[in-house]
>>> print(open('input-v5.cif').read())   # mmCIF, C-alpha atoms and all ligand atoms
data_target
#
loop_
_atom_site.label_atom_id
_atom_site.label_comp_id
_atom_site.auth_asym_id
_atom_site.auth_seq_id
_atom_site.Cartn_x
_atom_site.Cartn_y
_atom_site.Cartn_z
CA MET A 250 104.16 74.98 147.64
CA ALA A 251 102.84 76.92 144.67
CA ALA A 252 105.06 79.86 145.51
CA ASP A 253 107.98 77.50 145.83
CA LEU A 254 107.35 76.26 142.36
CA ASN A 255 107.64 79.76 141.03
CA ARG A 256 111.01 80.35 142.55
CA THR A 257 112.69 77.08 141.80
CA ILE A 258 111.29 76.05 138.43
CA ALA A 259 111.87 77.60 135.03
CA PRO A 260 108.83 79.20 133.36
CA LYS A 261 108.86 76.52 130.72
CA ASP A 262 108.66 73.77 133.31
CA MET A 263 106.09 75.69 135.25
CA PHE A 264 104.00 75.81 132.11
CA GLU A 265 104.28 72.08 131.69
CA GLU A 266 103.59 71.43 135.33
CA LEU A 267 100.64 73.76 135.81
CA VAL A 268 99.09 74.61 132.47
CA VAL A 269 99.36 71.44 130.43
CA PRO A 270 97.18 69.41 132.84
CA GLU A 271 94.41 72.00 132.36
CA ILE A 272 94.30 71.72 128.58
CA GLU A 273 91.21 69.55 128.39
CA VAL A 274 89.30 71.78 130.77
CA LEU A 275 90.30 74.76 128.67
CA MET A 276 89.11 72.96 125.57
CA ARG A 277 85.72 72.24 127.06
CA VAL A 278 85.23 75.78 128.22
CA ALA A 279 86.44 77.18 124.91
CA ARG A 280 83.91 75.05 123.13
CA SER A 281 81.22 76.62 125.24
CA LEU A 282 82.42 80.07 124.32
CA SER A 283 82.78 79.44 120.61
CA GLU A 284 80.68 78.87 117.54
CA GLY A 285 82.42 75.75 116.41
CA GLN A 286 85.33 73.48 117.06
CA TYR A 287 87.80 75.46 114.98
CA GLU A 288 87.02 78.66 116.75
CA ALA A 289 87.28 76.83 120.05
CA ASP A 290 90.67 75.36 119.20
CA ASP A 291 91.82 78.77 118.16
CA LEU A 292 90.78 80.25 121.46
CA VAL A 293 92.60 77.50 123.35
CA GLN A 294 95.76 78.11 121.36
CA GLU A 295 95.61 81.80 121.97
CA THR A 296 95.01 81.22 125.65
CA LEU A 297 97.98 78.88 125.86
CA LEU A 298 100.14 81.36 124.02
CA ARG A 299 99.21 84.18 126.36
CA ALA A 300 99.66 81.94 129.35
CA TYR A 301 103.07 80.94 128.13
CA ARG A 302 104.09 84.56 127.77
CA SER A 303 102.94 85.63 131.17
CA ILE A 304 103.72 82.58 133.25
CA GLY A 305 106.92 84.24 134.45
CA SER A 306 104.86 86.71 136.43
CA PHE A 307 102.30 84.17 137.63
CA ASP A 308 102.58 83.21 141.28
CA GLY A 309 101.40 79.66 140.71
CA ALA A 310 98.25 79.91 142.81
CA HIS A 311 94.78 79.16 141.41
CA VAL A 312 96.01 78.18 138.02
CA ARG A 313 92.56 77.46 136.65
CA ALA A 314 91.21 80.86 137.61
CA TRP A 315 94.27 82.45 136.09
CA LEU A 316 93.78 80.55 132.84
CA PHE A 317 90.08 81.35 132.72
CA THR A 318 90.86 85.02 133.07
CA ILE A 319 93.30 84.80 130.20
CA MET A 320 90.79 82.93 128.10
CA ARG A 321 88.06 85.38 128.88
CA ASN A 322 90.25 88.28 127.82
CA ALA A 323 91.34 86.51 124.69
CA ASN A 324 87.77 85.71 123.87
CA MET A 325 86.65 89.26 124.46
CA ASN A 326 89.34 90.64 122.25
CA ARG A 327 88.15 88.46 119.50
CA ARG A 328 84.47 88.95 119.67
CA ARG A 329 83.91 92.25 121.33
CA ARG A 330 81.10 91.72 123.73
CA LYS A 331 79.24 89.29 121.58
CA LEU A 332 77.54 86.90 123.95
CA PRO A 333 78.91 83.44 124.06
CA SER A 334 76.86 81.37 121.74
CA LEU A 335 77.59 78.25 123.68
CA LEU A 336 78.23 75.59 121.11
CA GLY A 337 75.64 77.21 118.97
CA ASN A 338 72.48 75.23 119.08
CA ALA A 339 73.86 72.96 116.45
CA GLY A 340 76.62 71.87 118.80
CA LEU A 341 74.25 70.85 121.52
CA GLU A 342 71.97 69.14 119.06
CA SER A 343 74.78 66.96 117.88
CA PHE A 344 75.58 66.07 121.46
CA ALA A 345 71.96 65.25 121.91
CA GLU A 346 72.13 62.61 119.26
CA LYS A 347 75.04 60.84 120.85
CA SER A 348 74.36 61.21 124.51
CA LYS A 349 72.87 58.67 126.80
CA GLY A 350 71.59 59.46 130.24
CA PRO A 351 71.86 57.61 133.49
CA GLU A 352 69.75 54.58 134.27
CA GLU A 353 67.42 55.78 136.99
CA LEU A 354 65.09 58.25 135.40
CA THR A 355 61.99 59.74 136.82
CA MET A 356 61.60 62.00 133.87
CA ASP A 357 61.22 60.56 130.46
CA ALA A 358 64.10 62.67 129.45
CA SER A 359 67.72 61.98 129.57
CA THR A 360 67.96 58.79 127.58
CA ASP A 361 66.98 60.46 124.37
CA GLY A 362 68.90 63.70 124.53
CA SER A 363 65.85 65.81 125.19
CA VAL A 364 67.63 67.54 128.08
CA LEU A 365 70.18 68.83 125.63
CA ARG A 366 67.57 69.86 123.14
CA ALA A 367 65.71 71.74 125.84
CA VAL A 368 68.87 73.44 127.05
CA ALA A 369 69.69 74.47 123.50
CA GLN A 370 66.51 76.51 123.47
CA LEU A 371 67.45 78.73 126.38
CA SER A 372 68.38 82.34 125.81
CA PRO A 373 72.14 82.91 125.37
CA LYS A 374 72.64 84.18 128.92
CA LEU A 375 70.96 81.23 130.54
CA LEU A 376 72.54 78.82 128.11
CA ALA A 377 75.96 80.18 128.98
CA VAL A 378 75.56 79.59 132.68
CA ILE A 379 74.06 76.14 132.55
CA THR A 380 76.64 75.01 130.01
CA LEU A 381 79.58 76.24 132.03
CA VAL A 382 78.29 74.70 135.25
CA ASP A 383 76.67 71.49 134.07
CA VAL A 384 78.50 70.61 130.88
CA ASP A 385 81.92 71.99 131.70
CA GLN A 386 81.57 71.34 135.42
CA LEU A 387 82.82 74.71 136.56
CA SER A 388 82.14 76.02 140.02
CA TYR A 389 79.87 79.05 140.40
CA GLU A 390 82.93 81.11 141.09
CA GLU A 391 84.68 79.96 137.94
CA ALA A 392 81.59 80.57 135.84
CA ALA A 393 81.26 84.04 137.34
CA LEU A 394 84.85 84.74 136.40
CA ILE A 395 84.37 83.66 132.80
CA LEU A 396 81.10 85.52 132.34
CA GLU A 397 82.21 88.57 134.31
CA VAL A 398 79.12 88.66 136.44
CA PRO A 399 78.70 88.41 140.22
CA ILE A 400 78.36 84.95 141.65
CA GLY A 401 74.79 85.77 142.70
CA THR A 402 73.94 86.35 139.05
CA VAL A 403 75.35 82.96 138.17
CA MET A 404 73.17 81.42 140.83
CA SER A 405 69.97 83.10 139.80
CA ARG A 406 70.53 82.42 136.09
CA LEU A 407 71.36 78.84 136.82
CA HIS A 408 68.23 78.42 138.87
CA ARG A 409 66.16 80.01 136.15
CA SER A 410 67.66 77.88 133.41
CA ARG A 411 67.13 74.66 135.30
CA ARG A 412 63.55 75.52 136.16
CA ARG A 413 62.93 76.37 132.55
CA VAL A 414 64.53 73.21 131.21
CA ARG A 415 62.58 71.14 133.67
CA ALA A 416 59.37 72.83 132.65
CA MET A 417 60.13 72.19 128.99
CA LEU A 418 60.81 68.55 129.69
CA GLN A 419 57.65 68.17 131.68
CA ALA A 420 55.62 69.86 129.03
CA GLY A 421 57.35 67.78 126.41
CA HIS A 422 57.28 70.63 123.96
CA LEU A 423 60.78 70.93 122.74
CA GLU A 424 60.15 72.51 119.40
CA GLY A 425 58.87 75.93 120.44
CA LYS A 426 60.91 78.84 121.69
CA ALA A 427 61.18 79.10 125.44
CA ASP A 428 63.36 82.11 125.80
CA ARG A 429 61.68 83.98 128.54
CA MET B 268 68.92 80.77 161.52
CA LEU B 269 68.77 77.65 159.41
CA GLU B 270 70.23 75.83 162.32
CA MET B 271 67.33 76.93 164.50
CA LEU B 272 64.73 75.91 161.98
CA ARG B 273 66.35 72.58 161.58
CA ARG B 274 66.20 71.92 165.27
CA LYS B 275 62.55 72.78 165.27
CA GLY B 276 61.91 70.12 162.68
CA GLY B 277 63.70 70.94 159.45
CA LEU B 278 63.49 73.24 156.49
CA ASN B 279 60.31 74.09 154.67
CA CYS B 280 59.88 73.80 150.91
CA LEU B 281 60.50 77.47 150.25
CA GLU B 282 63.76 77.41 152.14
CA VAL B 283 64.83 74.29 150.32
CA ALA B 284 63.97 75.83 146.95
CA ARG B 285 66.31 78.72 147.69
CA ILE B 286 69.32 76.54 148.37
CA LEU B 287 68.56 73.46 146.34
CA GLN B 288 70.77 74.38 143.38
CA SER B 289 73.79 75.10 145.56
CA TYR B 290 73.17 71.89 147.39
CA LEU B 291 72.98 69.85 144.18
CA ASP B 292 76.12 71.49 142.87
CA ALA B 293 77.93 70.93 146.14
CA GLU B 294 78.62 74.63 146.32
CA PRO B 295 79.38 76.19 149.65
CA GLY B 296 76.59 78.20 151.20
CA LYS B 297 74.72 78.98 154.36
CA TYR B 298 72.86 75.74 154.60
CA SER B 299 73.19 72.45 156.33
CA VAL B 300 73.63 69.59 153.90
CA GLU B 301 71.98 67.25 156.33
CA SER B 302 68.82 69.28 156.72
CA VAL B 303 68.40 69.64 152.96
CA ALA B 304 68.93 65.91 152.52
CA ASN B 305 66.36 65.19 155.20
CA HIS B 306 63.80 67.41 153.58
CA LEU B 307 64.37 65.85 150.17
CA GLN B 308 63.77 62.46 151.67
CA GLU B 309 60.64 63.41 153.49
CA CYS B 310 59.02 65.74 150.99
CA ARG B 311 57.91 64.04 147.83
CA ARG B 312 57.52 67.19 145.80
CA CYS B 313 60.97 68.57 146.57
CA GLY B 314 62.47 65.12 146.31
CA LEU B 315 61.14 64.68 142.80
CA GLU B 316 62.29 68.12 141.81
CA ALA B 317 65.79 67.40 143.07
CA SER B 318 65.85 64.12 141.25
CA ASP B 319 64.81 65.82 138.01
CA TYR B 320 67.64 68.29 138.39
CA ARG B 321 70.06 65.48 139.08
CA ILE B 322 69.02 63.79 135.85
CA MET B 323 69.48 67.02 133.95
CA LYS B 324 72.90 67.51 135.47
CA ALA B 325 74.01 63.97 134.72
CA SER B 326 72.75 64.21 131.19
CA LEU B 327 74.62 67.45 130.56
CA ALA B 328 77.76 66.23 132.29
CA SER B 329 77.91 63.22 130.02
CA ALA B 330 77.67 65.53 127.01
CA GLY B 331 80.71 67.45 128.15
CA GLN B 332 82.98 64.60 128.96
CA SER B 333 85.09 64.30 125.89
CA VAL B 334 86.76 66.68 123.53
CA PRO B 335 87.25 65.56 119.92
CA GLU B 336 90.36 63.44 119.54
CA ASP B 337 91.71 65.32 116.52
CA SER B 338 91.34 68.66 118.27
CA LEU B 339 93.07 67.37 121.34
CA GLN B 340 95.85 66.07 119.13
CA ARG B 341 96.22 69.43 117.42
CA ILE B 342 96.29 71.34 120.70
CA ARG B 343 98.82 68.95 122.14
CA GLU B 344 101.08 69.42 119.14
CA PHE B 345 100.70 73.15 119.42
CA THR B 346 101.60 73.00 123.10
CA ALA B 347 104.62 70.79 122.53
CA LYS B 348 105.87 73.23 119.91
CA LEU B 349 105.22 76.16 122.21
CA ILE B 350 107.23 74.52 124.96
CA SER B 351 110.12 73.45 122.78
CA GLU B 352 110.38 76.51 120.54
CA GLY B 353 108.64 79.28 122.40
CA PRO B 354 106.06 81.57 120.81
CA ASP B 355 107.31 81.97 117.22
CA ASP B 356 106.60 85.55 116.34
CA PRO B 357 105.67 87.86 119.20
CA SER B 358 104.49 90.62 116.87
CA ASP B 359 101.91 88.58 115.07
CA ALA B 360 100.51 87.06 118.19
CA ILE B 361 97.51 88.81 119.52
CA SER B 362 98.38 91.76 121.76
CA SER B 363 100.84 89.99 124.09
CA GLU B 364 100.34 89.47 127.85
CA SER B 365 97.07 88.51 129.39
ZN ZN C 1 59.42 70.23 150.15
#
>>> encode(input="input-v5.cif", output="structure tokens", more="lines below")
Ligand SMILES: [Zn+2]
Amino acid sequence: MAADLNRTIAPKDMFEELVVPEIEVLMRVARSLSEGQYEADDLVQETLLRAYRSIGSFDGAHVRAWLFTIMRNANMNRRRRKLPSLLGNAGLESFAEKSKGPEELTMDASTDGSVLRAVAQLSPKLLAVITLVDVDQLSYEEAALILEVPIGTVMSRLHRSRRRVRAMLQAGHLEGKADR
Amino acid sequence: MLEMLRRKGGLNCLEVARILQSYLDAEPGKYSVESVANHLQECRRCGLEASDYRIMKASLASAGQSVPEDSLQRIREFTAKLISEGPDDPSDAISSES
């Protein structure tokens, strides 16, 4: 079906059909890879532009993975190896103010945004993984693609970040640094 | 292997700890969903841990749900323009192809 699409539909229509529905996902991921909203929007635009240019040679399969690869390359071009800063801490903090958690809590945590404040204190590598998986809802495979690490690395970093966040929440000390 | 352990009476805490994240994220892996679920129900310590992680996940997921309306608007306009007019100047757009 995807291959069919490629043969019978013009690139422009293919773009509308396949890429446009992914825009919000791209925006969320871009936000995780950028310092602020403007930078994120810029990254999305560049990704869309590149996608538009190369959609003629795209076979139509795994569109999200294809877009993530484009975004990753675009992002790398722009900030040469600088680690994703993941919303910057300021970004997460502002989420923390707005966010409300689910009803059934065993921890004293998620109603007041302390999960987000704890997460914001993780080291950039851990922050990147937990944000991509838990905030942006990517699969391990997708996160691995974006971060250019093996899937096993995603898993171990994710496990570490969650253990750390949980420990911070249990200890209730959200001011100090908990990088390692 | 896991299958054998399960038949003998389920996973132990260490085994659950190793696969708990994948289980919570509904990621594929070499584990039986049912045996993890059983352990989480029977073992208070692991059950609480899982429930903490679920809260963390839910809390973070709710933070990621929306993108700012004005940004979305801008990107949509950009996209519409891209579709109707094509990329305006190939030379000034960042190093072409993906
Ligand atoms: Zn247990």
>>> residues_around(input="input-v5.cif", residues="His306 in chain B", least_positions_apart="4", cutoff="8 Å", atoms="all atoms listed in the file", output="PyMOL selection string")
chain B and resi 277-280+283+302+310+313-314
>>> closest_residue(input="input-v5.cif", among="A:Ala393, A:Ala259, A:Ile272, A:Val384", to="chain B", atoms="only C-alpha atoms")
A:Val384
>>> residues_near_point(input="input-v5.cif", point="(72.0, 82.0, 129.9)", cutoff="12 Å", atoms="only C-alpha atoms", output="mmCIF file with C-alpha atoms, in the frame of the given file")
data_model
loop_
_atom_site.group_PDB
_atom_site.id
_atom_site.type_symbol
_atom_site.label_atom_id
_atom_site.label_comp_id
_atom_site.auth_asym_id
_atom_site.auth_seq_id
_atom_site.Cartn_x
_atom_site.Cartn_y
_atom_site.Cartn_z
ATOM 1 C CA SER A 281 81.220 76.620 125.240
ATOM 2 C CA LEU A 282 82.420 80.070 124.320
ATOM 3 C CA LEU A 332 77.540 86.900 123.950
ATOM 4 C CA PRO A 333 78.910 83.440 124.060
ATOM 5 C CA SER A 334 76.860 81.370 121.740
ATOM 6 C CA LEU A 335 77.590 78.250 123.680
ATOM 7 C CA VAL A 368 68.870 73.440 127.050
ATOM 8 C CA ALA A 369 69.690 74.470 123.500
ATOM 9 C CA GLN A 370 66.510 76.510 123.470
ATOM 10 C CA LEU A 371 67.450 78.730 126.380
ATOM 11 C CA SER A 372 68.380 82.340 125.810
ATOM 12 C CA PRO A 373 72.140 82.910 125.370
ATOM 13 C CA LYS A 374 72.640 84.180 128.920
ATOM 14 C CA LEU A 375 70.960 81.230 130.540
ATOM 15 C CA LEU A 376 72.540 78.820 128.110
ATOM 16 C CA ALA A 377 75.960 80.180 128.980
ATOM 17 C CA VAL A 378 75.560 79.590 132.680
ATOM 18 C CA ILE A 379 74.060 76.140 132.550
ATOM 19 C CA THR A 380 76.640 75.010 130.010
ATOM 20 C CA LEU A 381 79.580 76.240 132.030
ATOM 21 C CA VAL A 382 78.290 74.700 135.250
ATOM 22 C CA ALA A 392 81.590 80.570 135.840
ATOM 23 C CA LEU A 396 81.100 85.520 132.340
ATOM 24 C CA VAL A 398 79.120 88.660 136.440
ATOM 25 C CA THR A 402 73.940 86.350 139.050
ATOM 26 C CA VAL A 403 75.350 82.960 138.170
ATOM 27 C CA MET A 404 73.170 81.420 140.830
ATOM 28 C CA SER A 405 69.970 83.100 139.800
ATOM 29 C CA ARG A 406 70.530 82.420 136.090
ATOM 30 C CA LEU A 407 71.360 78.840 136.820
ATOM 31 C CA HIS A 408 68.230 78.420 138.870
ATOM 32 C CA ARG A 409 66.160 80.010 136.150
ATOM 33 C CA SER A 410 67.660 77.880 133.410
ATOM 34 C CA ARG A 411 67.130 74.660 135.300
ATOM 35 C CA ARG A 413 62.930 76.370 132.550
ATOM 36 C CA VAL A 414 64.530 73.210 131.210
ATOM 37 C CA ASP A 428 63.360 82.110 125.800
ATOM 38 C CA ARG A 429 61.680 83.980 128.540
#
>>> closest_residue(input="input-v5.cif", among="A:Asp385, A:Glu284, A:Asp308, A:Asp291", to="chain B", atoms="only C-alpha atoms")
A:Asp385
>>> interface_residues(input="input-v5.cif", of="chain B", to="chain A", cutoff="10 Å", atoms="all atoms listed in the file", output="ChimeraX atom specification")
/B:284-289,292-295,315-316,318-335,338-339,341-343,345-347,349-351,353-355,357,360-365
>>> write_last_selection(input="input-v5.cif", atoms="C-alpha atoms", output="mmCIF file, in the coordinates of the input")
data_model
loop_
_atom_site.group_PDB
_atom_site.id
_atom_site.type_symbol
_atom_site.label_atom_id
_atom_site.label_comp_id
_atom_site.auth_asym_id
_atom_site.auth_seq_id
_atom_site.Cartn_x
_atom_site.Cartn_y
_atom_site.Cartn_z
ATOM 1 C CA ALA B 284 63.970 75.830 146.950
ATOM 2 C CA ARG B 285 66.310 78.720 147.690
ATOM 3 C CA ILE B 286 69.320 76.540 148.370
ATOM 4 C CA LEU B 287 68.560 73.460 146.340
ATOM 5 C CA GLN B 288 70.770 74.380 143.380
ATOM 6 C CA SER B 289 73.790 75.100 145.560
ATOM 7 C CA ASP B 292 76.120 71.490 142.870
ATOM 8 C CA ALA B 293 77.930 70.930 146.140
ATOM 9 C CA GLU B 294 78.620 74.630 146.320
ATOM 10 C CA PRO B 295 79.380 76.190 149.650
ATOM 11 C CA LEU B 315 61.140 64.680 142.800
ATOM 12 C CA GLU B 316 62.290 68.120 141.810
ATOM 13 C CA SER B 318 65.850 64.120 141.250
ATOM 14 C CA ASP B 319 64.810 65.820 138.010
ATOM 15 C CA TYR B 320 67.640 68.290 138.390
ATOM 16 C CA ARG B 321 70.060 65.480 139.080
ATOM 17 C CA ILE B 322 69.020 63.790 135.850
ATOM 18 C CA MET B 323 69.480 67.020 133.950
ATOM 19 C CA LYS B 324 72.900 67.510 135.470
ATOM 20 C CA ALA B 325 74.010 63.970 134.720
ATOM 21 C CA SER B 326 72.750 64.210 131.190
ATOM 22 C CA LEU B 327 74.620 67.450 130.560
ATOM 23 C CA ALA B 328 77.760 66.230 132.290
ATOM 24 C CA SER B 329 77.910 63.220 130.020
ATOM 25 C CA ALA B 330 77.670 65.530 127.010
ATOM 26 C CA GLY B 331 80.710 67.450 128.150
ATOM 27 C CA GLN B 332 82.980 64.600 128.960
ATOM 28 C CA SER B 333 85.090 64.300 125.890
ATOM 29 C CA VAL B 334 86.760 66.680 123.530
ATOM 30 C CA PRO B 335 87.250 65.560 119.920
ATOM 31 C CA SER B 338 91.340 68.660 118.270
ATOM 32 C CA LEU B 339 93.070 67.370 121.340
ATOM 33 C CA ARG B 341 96.220 69.430 117.420
ATOM 34 C CA ILE B 342 96.290 71.340 120.700
ATOM 35 C CA ARG B 343 98.820 68.950 122.140
ATOM 36 C CA PHE B 345 100.700 73.150 119.420
ATOM 37 C CA THR B 346 101.600 73.000 123.100
ATOM 38 C CA ALA B 347 104.620 70.790 122.530
ATOM 39 C CA LEU B 349 105.220 76.160 122.210
ATOM 40 C CA ILE B 350 107.230 74.520 124.960
ATOM 41 C CA SER B 351 110.120 73.450 122.780
ATOM 42 C CA GLY B 353 108.640 79.280 122.400
ATOM 43 C CA PRO B 354 106.060 81.570 120.810
ATOM 44 C CA ASP B 355 107.310 81.970 117.220
ATOM 45 C CA PRO B 357 105.670 87.860 119.200
ATOM 46 C CA ALA B 360 100.510 87.060 118.190
ATOM 47 C CA ILE B 361 97.510 88.810 119.520
ATOM 48 C CA SER B 362 98.380 91.760 121.760
ATOM 49 C CA SER B 363 100.840 89.990 124.090
ATOM 50 C CA GLU B 364 100.340 89.470 127.850
ATOM 51 C CA SER B 365 97.070 88.510 129.390
#
>>> atom_distance(input="input-v5.cif", atom1="CA of Pro270 in chain A", atom2="CA of Tyr290 in chain B")
28.2 Å
>>> atom_distance(input="input-v5.cif", atom1="CA of Glu309 in chain B", atom2="atom ZN of ligand ZN 1 (chain C)")
7.7 Å
>>> atom_distance(input="input-v5.cif", atom1="CA of Val300 in chain B", atom2="CA of Glu391 in chain A")
22.0 Å
>>> axis_aligned_box(input="input-v5.cif", around="range 307-326 of chain B", padding_each_side="6 Å", output="JSON")
{"center_x": 65.8, "center_y": 65.5, "center_z": 142.3, "size_x": 28.5, "size_y": 18.1, "size_z": 34.3}
>>> closest_residue(input="input-v5.cif", among="B:Glu344, B:Leu281, B:Glu336, B:Gly296", to="Arg312 in chain B", atoms="all atoms listed in the file")
B:Leu281
>>> closest_residue(input="input-v5.cif", among="B:Leu291, B:Ala317, B:Leu307, B:Glu352", to="ligand ZN 1 (chain C)", atoms="all atoms listed in the file")
B:Leu307
